[in-house]
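One structure is given below, encoded as structure tokens.
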Amino acid sequence: MITFILNNKTIKTSEHSGTTLLDFVRYQQRLTGTKIGCREGDCGACTLLIGTLNDDTMEYQSITSCISPLGNAHGKHIVTVEGTNLKDKLTTAQEAMKANYATQCGFCTPGFVVALTGFALSNSENNYSNAIDAISGNICRCTGYKAIEKAAHQVVEKLEHQEKNSFKWLIDNGFIPEYFESIPQRLKDIEGKYINQPKGKYVSGGTDLYVQKADHLADNDVHLIAEKDYLKGISIENGICTIGTNSTVSDLWNHTALNSILPNLRKHLKLVSSEQIRNMASLGGNIANASPIGDMTIFFLALNSDLTITNEKDEERSVALNNFYQGYKTYDLNDRELLKTISFKLPTAQSFFNFEKVCKRTHLDIASVNSAIHLLVENEIISEAHVSLGGVAAIPKYLHDTSAFLTGKPLTSKTILEANEILQKEISPISDVRGTSDYKRLLARQLFFAHFTELFPNHFTLNDFVQHA
Amino acid sequence: MHKNKSNKVLDTKLDAVSLSLKQSIKNLDSYTHVRGESLYVDDVNIRQGTFHAVVFDSPKAHGKIKHIDYSKAEALEGVERIFTYKDVPGENEIGGIIADEPLFAEDEVHFWGMPIALIVAESEFIARKARGLIEIEIEDLPVITTAKEAKAKGSFINAPRSFSLGDTEKVFAECDYVFEGETFSNGQEHLYIEAQGAYAEPMENGNIKITSSTQGPTAVQKTIAKVLGIAMHKIEVDVTRLGGGFGGKEDQATPWAVMVALATHHLNQSVKLILNRHDDLRMTGKRHPYESSYKIGLSKDLKILAYQTEFLQNSGAAADLSPAIAERTLFHATNSYYVPNVTTKVLSCKTNLPPNTAFRGFGGPQGMFVIESAIAKAASEIGVSAIKIQEANLLDENDTFSYGQIAKKVEAKNTWHSAKSIFSSDALEQEVADFNKNNTAFKKGLSFMPITFGISFTNTPMNHARALVHIYLDGSVGISTAAVEMGQGVNTKMMQIAADVFSIPIDKIKIETTNTTRVANTSPSAASSTADLNGKATLMACNALVERLKLVASEDLNVSEKDITLKDESVFINDKPSELSWTDLISSAMLKRVALTENAHYATPEIHFDKTKEKGHPFAYHVYGTAITTVTVDCTRGTYEFDSVKIVHDYGKSMSEGIDLGQVEGALIQGIGWMTLEEIAYNDDGKLLSNALSTYKIPDIFSVPKRVEVIPVETEGNDMAILKSKAVGEPPLMYGIGAYFALQNAIKAFNSNYDLEFHAPMTPEKVLMGLYENKK
């Protein structure tokens, strides 16, 4: 039985665990405040909160329920807009939306309300930028967002004197209803961390699989792995960072040590989908999806990462990420094998890392071209180089030739211009809905240049690479 | 032109109405919206045994249907029945303006996504599974995807239309400058977040009740009656609200409602159909792409003396609203400018795309984009700023539009010069120039965008509405109108009118659903006119009730009617409260058997248009405004951010500043989306490539301008607008056109060899290619 708390009600259901959480909430439980906009995580109308009990404290995250399997709710607290409602008055987030005319047709509104409530419940620092990140996965077609920005400001203001992790403060200040206080104890009472699962398609966060084949997953056996501990965790030992493939993008975002190793990590990860999706999307899923423009894959290719792969007999083997991909959507992974970890050597004081991504819409969009670079520079000489480029080949591309060329070369504009010539030979972009091949070639060049103007602003400007008319 | 007797009552009342409420009123629906308690079609409680439907549509853009095998789909457990054109008891025809669109394809398919059958099953899931089991064989016929191709092949929806003023040919010869060129503006997906849908319930005697997400309840009712071959009175259409419309549910909400009605007619069971997003994107029409050519002639002092243009409208596979949209393109072809010699022509080109349809602006934006392009081209060639040409040609009082209407109460220059002074535009231009001098990796661009938009349905007979107002015996009020609430706040405005006229609190007033049995024969909620038309009708009904109630009060209080006013839920005599309260007054009226219900009909006076001469006075009034847009382009990556859009807008006297500001901001961002990110793509086979939200991007919270400032221009308002509060739905969308030209100016600042192209949207791809084209 899948057992969880939905708002203030304990649910025990034998529904198929591969059904979407959205369908269960809307059509089984008749909680129609959760809306259907796109069923692919791109609009946020179905945003819910998922609360996890960790050592007596609750951690709430927003998710898009349309691409989330029902089974992933097991043992959790799921909150819909109805679950935030107070009797006969509005919550602080609701009042902020109303007072600022931030709702017009109202269809996207519950998603915004839930996401803003999630922000109040979250551990992220209370500031406007974080509040906007919290609603970065919510699309509104009516308001043009300016009124919603005002509502977010109002929520941030109201949270100014918040006591962190205090349900009581949030209840006293009208953010959430009283029953939230009873949730930790009630979750403890739910027995069995795991549900019995059939063999079937492995599903972690589901953010890619449910976009592609939600009907199939709702109709066939799935094997959920998001809660498997041996796939979790981020560790740093002996100069190696090892990340469990169940780690979500948000897990990376929230990891203190990782943020000090890669100081621009959050700036880079902000270009990856939206907060709702980052809360669900697993690293392993991004790698196994094998999209030629997978953001995290491109990111880890330039870190020259290694994969550990496990099977049902707990046998393990290792493969370099830059050897993992064999062709379009094909890769070195056998049936019933799972990606277990991804690991990379820690950057040193001589390391320079950058990630670039350009798409039609800067946020919550799929890249036209993305790229990462990792350089070791000693005495103005590039001693090691790893460059990756997405959207320019059938696979997420590690640029072997370009990387090799750069190695041992002086850090000059001449080197970079010559390296671009090699880069252009290594890629074979095609024209599609994300851009023409000419555009992708030009963009690949520009992002390659951008790495150097970003990493070495005192050495290089755009003018060093392109003539200014 | 006919004079409506009750319009007189209205006129005398206008100035007497105080708008004490206007500051404090929030959107009436916002309480249930934020709690997730507002009901949309997919939320209504359905009857036990309701069937769910999925549409089977054409997998080819053009072809002859050779064979369809439904047997496997029909055999799937849970499938109730599959309906095709053969099951249509009346006419298999849903075209509104021209009868050229079948509900279900018969022998041929004309666009990819054209409905062929309706699969009805126990669940949507089963119906979708069944759809995958249908086998179809189609013999390909040639596919036309662009308007130019259609023109070359002589494929048109109807005869071309043309407006003219002065003598264009003669004057071109006298111009100091003449420039010609071509433009393209792409379509735009409405992307109402609530997809299309409808729910049908069988009533007794073969009557059917429809719950629909439509802007046009009467169109739904009329079309169902036609397709089922039954009388209109057997069909009741009810609309609570829409989760967004933007024109996409004016005509194109109809087929889905007709389909469920057809299934209910046969099965005598409730049937629900909610399109999933992919189906909605594939099957429905969008804003029309336009390919246009222009010729513009100017004098040395930058006066536009002559303007000529040919608009090729990509209408899609059937007429839908294309002829009306084409007409509005001509009405707005010269935007805010007075041009003494104009020849404009529009051809509605029949292609194999889904029938394109209404979208906020209704052809106006496409027309305006062309003249703004012509001006940009002229400015670039002459070597002056486009702002100079724009400013030199702004419309003035008593100027003649190409369609013969004389411009009155013109605010074009007022909003332009107000924008210049309020926003210190000279300093702003200097800032941009300085920034560009000091930066190479980033460049800024600035543009002005004036707008002039006519208010009324250009099809004069559509400009009417009715309101049915009940005062219940406890003094509470229920109001029904033809207005459909889709987020624009029309219900709030109706309520404000009643609250003001009756002087009772808003919790005593309820705005009912829009329902064809209470308010019949309605025009759709469209053309920015919904609040004007329905508001005037509501005002008339409320005023008529007040007149009656005053008579009751004068008898009860033994004073003259003239001395009586209604205020703060009481009867006032000579501005002093009497002991007679609103509720007592209603009780007294009941005892006196006075009618507490009023049905009022409003028809816009003065307007007329003669389509044989293409001259007349089609608009009740015009809305004006000016926007200044500033953008920063990242010249490394080709990406961009809008720094600000500063607008002076002509609201008249706004009834609700919060609601109206929301309309301006929302329309602006939609316009910017159309001009920048939103790119519809079909391949040569006519298959939609931008077929999901992952491939069709509308603005998100990060992509909107960092600052949007909207300053209302002080005008006296227009009596033809409801309480002098001008229509606000569509006009501000066209401020977004400024985004295109601001971007172009930024590109030019980086690449002086950039060859101005007028090919919207200006995606990051086009920006990057422009930054580096012909670059030495």
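A note on labels: chains of the structure tokens are A, B, ... as shown, every chain counts residues from 1, and ligands are counted from 1 in their shown order.
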Which polymer residues have any atom within 12 Å of an atom of Leu170 in chain A, counting only C-alpha atoms, with same-chain residues fewer than 4 positions away left out, as a PDB file with N, CA and C atoms, in the first residue's frame?
```pdb
ATOM      1  N   THR A  84      -3.434  24.248   2.089  1.00  0.00           N
ATOM      2  CA  THR A  84      -2.902  25.477   2.698  1.00  0.00           C
ATOM      3  C   THR A  84      -4.030  26.375   3.193  1.00  0.00           C
ATOM      4  N   THR A  91      -4.535  32.891   3.481  1.00  0.00           N
ATOM      5  CA  THR A  91      -3.183  32.795   4.016  1.00  0.00           C
ATOM      6  C   THR A  91      -2.389  34.016   3.557  1.00  0.00           C
ATOM      7  N   THR A  92      -1.227  34.178   4.117  1.00  0.00           N
ATOM      8  CA  THR A  92      -0.402  35.337   3.779  1.00  0.00           C
ATOM      9  C   THR A  92      -0.040  35.336   2.295  1.00  0.00           C
ATOM     10  N   ALA A  93       0.289  34.174   1.765  1.00  0.00           N
ATOM     11  CA  ALA A  93       0.630  34.101   0.337  1.00  0.00           C
ATOM     12  C   ALA A  93      -0.607  34.401  -0.513  1.00  0.00           C
ATOM     13  N   THR A 117       3.994  29.403  -0.834  1.00  0.00           N
ATOM     14  CA  THR A 117       3.877  28.785   0.488  1.00  0.00           C
ATOM     15  C   THR A 117       5.069  27.874   0.730  1.00  0.00           C
ATOM     16  N   GLY A 118       5.463  27.159  -0.315  1.00  0.00           N
ATOM     17  CA  GLY A 118       6.649  26.301  -0.225  1.00  0.00           C
ATOM     18  C   GLY A 118       7.895  27.110   0.096  1.00  0.00           C
ATOM     19  N   PHE A 119       7.976  28.302  -0.464  1.00  0.00           N
ATOM     20  CA  PHE A 119       9.116  29.173  -0.169  1.00  0.00           C
ATOM     21  C   PHE A 119       9.138  29.519   1.325  1.00  0.00           C
ATOM     22  N   ALA A 120       7.968  29.840   1.873  1.00  0.00           N
ATOM     23  CA  ALA A 120       7.896  30.166   3.305  1.00  0.00           C
ATOM     24  C   ALA A 120       8.311  28.968   4.159  1.00  0.00           C
ATOM     25  N   LEU A 121       7.986  27.775   3.690  1.00  0.00           N
ATOM     26  CA  LEU A 121       8.295  26.557   4.451  1.00  0.00           C
ATOM     27  C   LEU A 121       9.728  26.082   4.241  1.00  0.00           C
ATOM     28  N   SER A 122      10.394  26.607   3.237  1.00  0.00           N
ATOM     29  CA  SER A 122      11.699  26.063   2.849  1.00  0.00           C
ATOM     30  C   SER A 122      12.809  26.608   3.723  1.00  0.00           C
ATOM     31  N   VAL A 155       5.293  38.806   0.298  1.00  0.00           N
ATOM     32  CA  VAL A 155       5.552  37.583   1.061  1.00  0.00           C
ATOM     33  C   VAL A 155       6.910  37.679   1.763  1.00  0.00           C
ATOM     34  N   LYS A 158       6.680  39.884   4.760  1.00  0.00           N
ATOM     35  CA  LYS A 158       5.975  39.247   5.884  1.00  0.00           C
ATOM     36  C   LYS A 158       6.845  38.195   6.568  1.00  0.00           C
ATOM     37  N   LEU A 159       7.824  37.687   5.806  1.00  0.00           N
ATOM     38  CA  LEU A 159       8.678  36.628   6.371  1.00  0.00           C
ATOM     39  C   LEU A 159       9.895  37.200   7.086  1.00  0.00           C
ATOM     40  N   GLU A 160       9.984  38.530   7.146  1.00  0.00           N
ATOM     41  CA  GLU A 160      11.202  39.137   7.649  1.00  0.00           C
ATOM     42  C   GLU A 160      11.608  38.671   9.043  1.00  0.00           C
ATOM     43  N   HIS A 161      10.637  38.493   9.896  1.00  0.00           N
ATOM     44  CA  HIS A 161      10.974  38.123  11.279  1.00  0.00           C
ATOM     45  C   HIS A 161      10.723  36.654  11.547  1.00  0.00           C
ATOM     46  N   GLN A 162      10.785  35.893  10.463  1.00  0.00           N
ATOM     47  CA  GLN A 162      10.478  34.469  10.588  1.00  0.00           C
ATOM     48  C   GLN A 162      11.480  33.751  11.482  1.00  0.00           C
ATOM     49  N   GLU A 163      10.936  32.865  12.317  1.00  0.00           N
ATOM     50  CA  GLU A 163      11.806  31.941  13.031  1.00  0.00           C
ATOM     51  C   GLU A 163      11.921  30.725  12.133  1.00  0.00           C
ATOM     52  N   LYS A 164      13.167  30.402  11.758  1.00  0.00           N
ATOM     53  CA  LYS A 164      13.373  29.316  10.792  1.00  0.00           C
ATOM     54  C   LYS A 164      12.892  27.978  11.340  1.00  0.00           C
ATOM     55  N   ASN A 165      12.366  27.183  10.442  1.00  0.00           N
ATOM     56  CA  ASN A 165      11.894  25.841  10.805  1.00  0.00           C
ATOM     57  C   ASN A 165      10.848  25.849  11.915  1.00  0.00           C
ATOM     58  N   SER A 166      10.142  26.918  12.043  1.00  0.00           N
ATOM     59  CA  SER A 166       9.124  26.966  13.084  1.00  0.00           C
ATOM     60  C   SER A 166       7.738  26.953  12.459  1.00  0.00           C
ATOM     61  N   GLY A 174      -0.137  33.210   9.782  1.00  0.00           N
ATOM     62  CA  GLY A 174      -1.111  32.980   8.722  1.00  0.00           C
ATOM     63  C   GLY A 174      -0.566  32.390   7.438  1.00  0.00           C
ATOM     64  N   PHE A 175       0.594  31.734   7.479  1.00  0.00           N
ATOM     65  CA  PHE A 175       1.126  31.129   6.257  1.00  0.00           C
ATOM     66  C   PHE A 175       0.559  29.739   6.001  1.00  0.00           C
ATOM     67  N   ILE A 176       0.348  29.003   7.075  1.00  0.00           N
ATOM     68  CA  ILE A 176      -0.133  27.621   6.938  1.00  0.00           C
ATOM     69  C   ILE A 176      -1.163  27.328   8.030  1.00  0.00           C
ATOM     70  N   PRO A 177      -1.998  26.332   7.794  1.00  0.00           N
ATOM     71  CA  PRO A 177      -2.971  25.968   8.829  1.00  0.00           C
ATOM     72  C   PRO A 177      -2.325  25.195   9.988  1.00  0.00           C
ATOM     73  N   GLU A 178      -3.065  25.112  11.065  1.00  0.00           N
ATOM     74  CA  GLU A 178      -2.535  24.533  12.307  1.00  0.00           C
ATOM     75  C   GLU A 178      -2.126  23.069  12.195  1.00  0.00           C
ATOM     76  N   TYR A 179      -2.819  22.330  11.343  1.00  0.00           N
ATOM     77  CA  TYR A 179      -2.573  20.886  11.350  1.00  0.00           C
ATOM     78  C   TYR A 179      -1.129  20.516  10.982  1.00  0.00           C
ATOM     79  N   PHE A 180      -0.401  21.463  10.371  1.00  0.00           N
ATOM     80  CA  PHE A 180       0.985  21.163  10.000  1.00  0.00           C
ATOM     81  C   PHE A 180       1.805  20.701  11.207  1.00  0.00           C
ATOM     82  N   GLU A 181       1.460  21.216  12.381  1.00  0.00           N
ATOM     83  CA  GLU A 181       2.228  20.850  13.577  1.00  0.00           C
ATOM     84  C   GLU A 181       2.140  19.359  13.899  1.00  0.00           C
TER      85      GLU A 181
END
```
Only residues of chain A matter here; which ones have an atom within 7 Å of chain B, counting only C-alpha atoms? Give them as a ChimeraX atom specification. /A:32-33,37-38,42,81-82,85,94,98,101,103-110,113,136,139,141-145,360-361,365,433,435,439,443,446-447,450,462,467,469
Store the residues picked out above in a file with C-alpha atoms, as an mmCIF file, in the first residue's frame.
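Resulting contents of part-v6.cif:
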```
data_model
loop_
_atom_site.group_PDB
_atom_site.id
_atom_site.type_symbol
_atom_site.label_atom_id
_atom_site.label_comp_id
_atom_site.auth_asym_id
_atom_site.auth_seq_id
_atom_site.Cartn_x
_atom_site.Cartn_y
_atom_site.Cartn_z
ATOM 1 C CA THR A 32 -9.407 20.268 -8.214
ATOM 2 C CA GLY A 33 -7.357 23.257 -7.124
ATOM 3 C CA GLY A 37 -1.728 22.972 -17.865
ATOM 4 C CA CYS A 38 0.788 20.981 -19.860
ATOM 5 C CA ASP A 42 6.661 23.242 -18.105
ATOM 6 C CA VAL A 81 -3.588 24.436 -2.426
ATOM 7 C CA GLU A 82 -6.581 23.158 -0.479
ATOM 8 C CA ASN A 85 -6.370 27.007 3.071
ATOM 9 C CA GLN A 94 -2.987 34.098 -0.868
ATOM 10 C CA LYS A 98 -5.096 38.989 -4.109
ATOM 11 C CA TYR A 101 -3.985 41.908 -8.495
ATOM 12 C CA THR A 103 -4.502 36.784 -10.300
ATOM 13 C CA GLN A 104 -6.520 37.273 -13.473
ATOM 14 C CA CYS A 105 -8.044 34.165 -15.015
ATOM 15 C CA GLY A 106 -6.971 32.271 -11.913
ATOM 16 C CA PHE A 107 -5.958 29.048 -13.591
ATOM 17 C CA CYS A 108 -2.244 29.304 -12.814
ATOM 18 C CA THR A 109 -2.902 30.931 -9.439
ATOM 19 C CA PRO A 110 -3.037 27.869 -7.153
ATOM 20 C CA VAL A 113 0.193 30.124 -4.145
ATOM 21 C CA SER A 136 10.415 30.118 -11.547
ATOM 22 C CA ILE A 139 3.888 30.236 -16.071
ATOM 23 C CA ARG A 141 -0.294 34.000 -19.471
ATOM 24 C CA CYS A 142 -2.488 36.828 -18.132
ATOM 25 C CA THR A 143 -0.658 39.130 -15.770
ATOM 26 C CA GLY A 144 2.750 39.643 -17.336
ATOM 27 C CA TYR A 145 4.154 38.796 -13.869
ATOM 28 C CA LYS A 360 15.295 30.762 -26.608
ATOM 29 C CA ARG A 361 14.157 31.594 -23.087
ATOM 30 C CA ASP A 365 14.061 25.958 -21.417
ATOM 31 C CA VAL A 433 13.349 23.543 -33.595
ATOM 32 C CA GLY A 435 18.000 26.540 -34.138
ATOM 33 C CA TYR A 439 23.296 29.373 -35.611
ATOM 34 C CA LEU A 443 26.754 29.951 -30.828
ATOM 35 C CA GLN A 446 30.578 32.369 -28.963
ATOM 36 C CA LEU A 447 30.081 30.216 -25.872
ATOM 37 C CA ALA A 450 32.467 33.333 -23.386
ATOM 38 C CA LEU A 462 34.952 40.012 -26.549
ATOM 39 C CA GLN A 467 36.319 42.367 -34.493
ATOM 40 C CA ALA A 469 32.792 47.065 -36.505
#
```
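Taking only C-alpha atoms into account, Asp167 in chain B lies nearest to B:Tyr307 out of the set B:Tyr307, B:Met734, B:Ile136, B:Gln496.
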Show me, as a VMD selection string, the residues that have an atom within 8 Å of Ile711 in chain B when counting only C-alpha atoms, minus same-chain residues fewer than 4 positions from it. chain B and resid 647 to 649
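Within the 7 Å cut-off around range 376-380 of chain A, using only C-alpha atoms and omitting residues fewer than 3 positions from it on the same chain, the listed residues are A:Gln350, A:Ser351, A:Phe352, A:Ser383, A:Glu384, A:Ala385, A:Pro410, A:Leu411.
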For Val594 in chain B, please output as an MDAnalysis selection string all residues within 10 Å (counting only C-alpha atoms; exclusion window: fewer than 2 positions along the same chain). chainID B and resid 545 548:549 551:552 586 588:592 596:597
Output of the above residues as a compact mmCIF listing (two decimals), in the first residue's frame, restricted to C-alpha atoms:
```txt
# COMPACT_ATOMS: atom_id res chain seq x y z
CA LEU B 545 -34.92 49.59 -11.42
CA ARG B 548 -39.10 52.30 -10.21
CA LEU B 549 -37.83 52.11 -6.64
CA LEU B 551 -41.45 55.91 -7.16
CA VAL B 552 -42.07 53.43 -4.37
CA ILE B 586 -37.42 46.29 -1.57
CA SER B 588 -42.28 47.67 0.14
CA ALA B 589 -41.82 47.30 -3.61
CA MET B 590 -42.74 43.62 -3.32
CA LEU B 591 -45.95 44.47 -1.44
CA LYS B 592 -46.78 46.99 -4.11
CA LEU B 596 -37.85 43.87 -9.32
CA THR B 597 -36.38 42.40 -12.46
```
Selection: 12 Å around Gln29 in chain A, only C-alpha atoms, excl. self and same-chain fewer than 6 positions, as a ChimeraX atom specification: /A:6-7,9-13,21-23,80,82
In Å to one decimal, how far is CA of Ser560 in chain B from CA of Asp575 in chain B? 13.1 Å
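Each of B:Pro354, B:Pro89, B:Gly383, B:Gly363 was compared to Ala263 in chain B using only C-alpha atoms, and B:Pro89 turns out to be the nearest.
CA of Leu262 in chain B is found 13.1 Å from CA of His52 in chain B.
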Apply DSSP to the structure's backbone, then extract all residues of range 74-302 of chain B labelled strand (DSSP E or B) and return them as an MDAnalysis selection string. chainID B and resid 79:83 108:109 115:121 135:140 156 161:165 177:185 188 197:202 208:212 235:239 271:274 287 290:298
Of the listed residues A:Leu301, A:Gln212, A:Thr402, A:Ile287, that which approaches Leu333 in chain A most closely, counting only C-alpha atoms: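 Between A:Leu301, A:Gln212, A:Thr402, A:Ile287, the residue approaching Leu333 in chain A most closely is A:Ile287.
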For Val41 in chain B, please output as a list in words all residues within 7 Å (counting only C-alpha atoms; exclusion window: fewer than 3 positions along the same chain). Val44, Gly197, Ala198, Thr211, Ser212 and Ser213 of chain B
Write the selection just made, keeping N, CA and C atoms, as a CSV table (one decimal), in the first residue's frame?
```csv
chain,number,residue,atom,x,y,z
B,44,VAL,N,-15.9,20.9,-12.7
B,44,VAL,CA,-17.3,20.7,-12.3
B,44,VAL,C,-17.6,19.3,-12.0
B,197,GLY,N,-12.1,22.8,-23.8
B,197,GLY,CA,-12.9,21.7,-23.3
B,197,GLY,C,-14.3,22.0,-23.1
B,198,ALA,N,-15.1,20.9,-23.0
B,198,ALA,CA,-16.6,21.1,-22.8
B,198,ALA,C,-17.2,19.8,-22.2
B,211,THR,N,-21.6,22.7,-20.6
B,211,THR,CA,-20.7,23.6,-19.9
B,211,THR,C,-19.5,23.7,-20.8
B,212,SER,N,-19.2,25.0,-21.1
B,212,SER,CA,-18.1,25.2,-22.1
B,212,SER,C,-17.1,26.3,-21.7
B,213,SER,N,-15.9,26.1,-22.1
B,213,SER,CA,-14.9,27.1,-21.8
B,213,SER,C,-14.9,28.0,-23.1
```
What are the DSSP helix (DSSP H, G or I) residues of range 149-242 of chain A, as a ChimeraX atom specification? /A:149-158,167-172,178-189,209-219,229-231
Could you save those same residues with C-alpha atoms as a tab-separated table (two decimals), in the first residue's frame?
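Okay, this is what ended up in part_1.tsv:
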```tsv
chain	number	residue	atom	x	y	z
A	149	GLU	CA	6.50	40.16	-8.44
A	150	LYS	CA	4.74	42.57	-6.08
A	151	ALA	CA	3.05	39.65	-4.35
A	152	ALA	CA	6.42	37.94	-3.92
A	153	HIS	CA	7.83	41.13	-2.40
A	154	GLN	CA	4.93	41.20	0.04
A	155	VAL	CA	5.55	37.58	1.06
A	156	VAL	CA	9.25	38.30	1.62
A	157	GLU	CA	8.36	41.30	3.78
A	158	LYS	CA	5.97	39.25	5.88
A	167	PHE	CA	5.70	25.74	12.11
A	168	LYS	CA	4.37	27.72	15.02
A	169	TRP	CA	5.64	31.01	13.67
A	170	LEU	CA	4.24	30.24	10.22
A	171	ILE	CA	0.89	29.23	11.73
A	172	ASP	CA	0.74	32.32	13.95
A	178	GLU	CA	-2.54	24.53	12.31
A	179	TYR	CA	-2.57	20.89	11.35
A	180	PHE	CA	0.98	21.16	10.00
A	181	GLU	CA	2.23	20.85	13.58
A	182	SER	CA	0.88	17.32	13.81
A	183	ILE	CA	2.55	16.14	10.59
A	184	PRO	CA	6.00	15.03	11.85
A	185	GLN	CA	4.50	12.68	14.44
A	186	ARG	CA	1.94	11.36	11.99
A	187	LEU	CA	4.64	10.64	9.40
A	188	LYS	CA	6.63	8.72	11.99
A	189	ASP	CA	3.59	6.58	12.55
A	209	LEU	CA	10.28	9.70	-18.42
A	210	TYR	CA	6.88	11.19	-17.57
A	211	VAL	CA	7.25	13.83	-20.24
A	212	GLN	CA	7.89	11.12	-22.80
A	213	LYS	CA	5.61	8.29	-21.79
A	214	ALA	CA	3.33	8.99	-18.85
A	215	ASP	CA	0.59	6.76	-20.28
A	216	HIS	CA	2.97	3.84	-20.62
A	217	LEU	CA	4.26	4.23	-17.07
A	218	ALA	CA	0.73	4.42	-15.70
A	219	ASP	CA	-0.15	1.21	-17.49
A	229	ASP	CA	19.73	5.11	-0.01
A	230	TYR	CA	22.63	3.47	-1.78
A	231	LEU	CA	22.07	5.80	-4.71
```
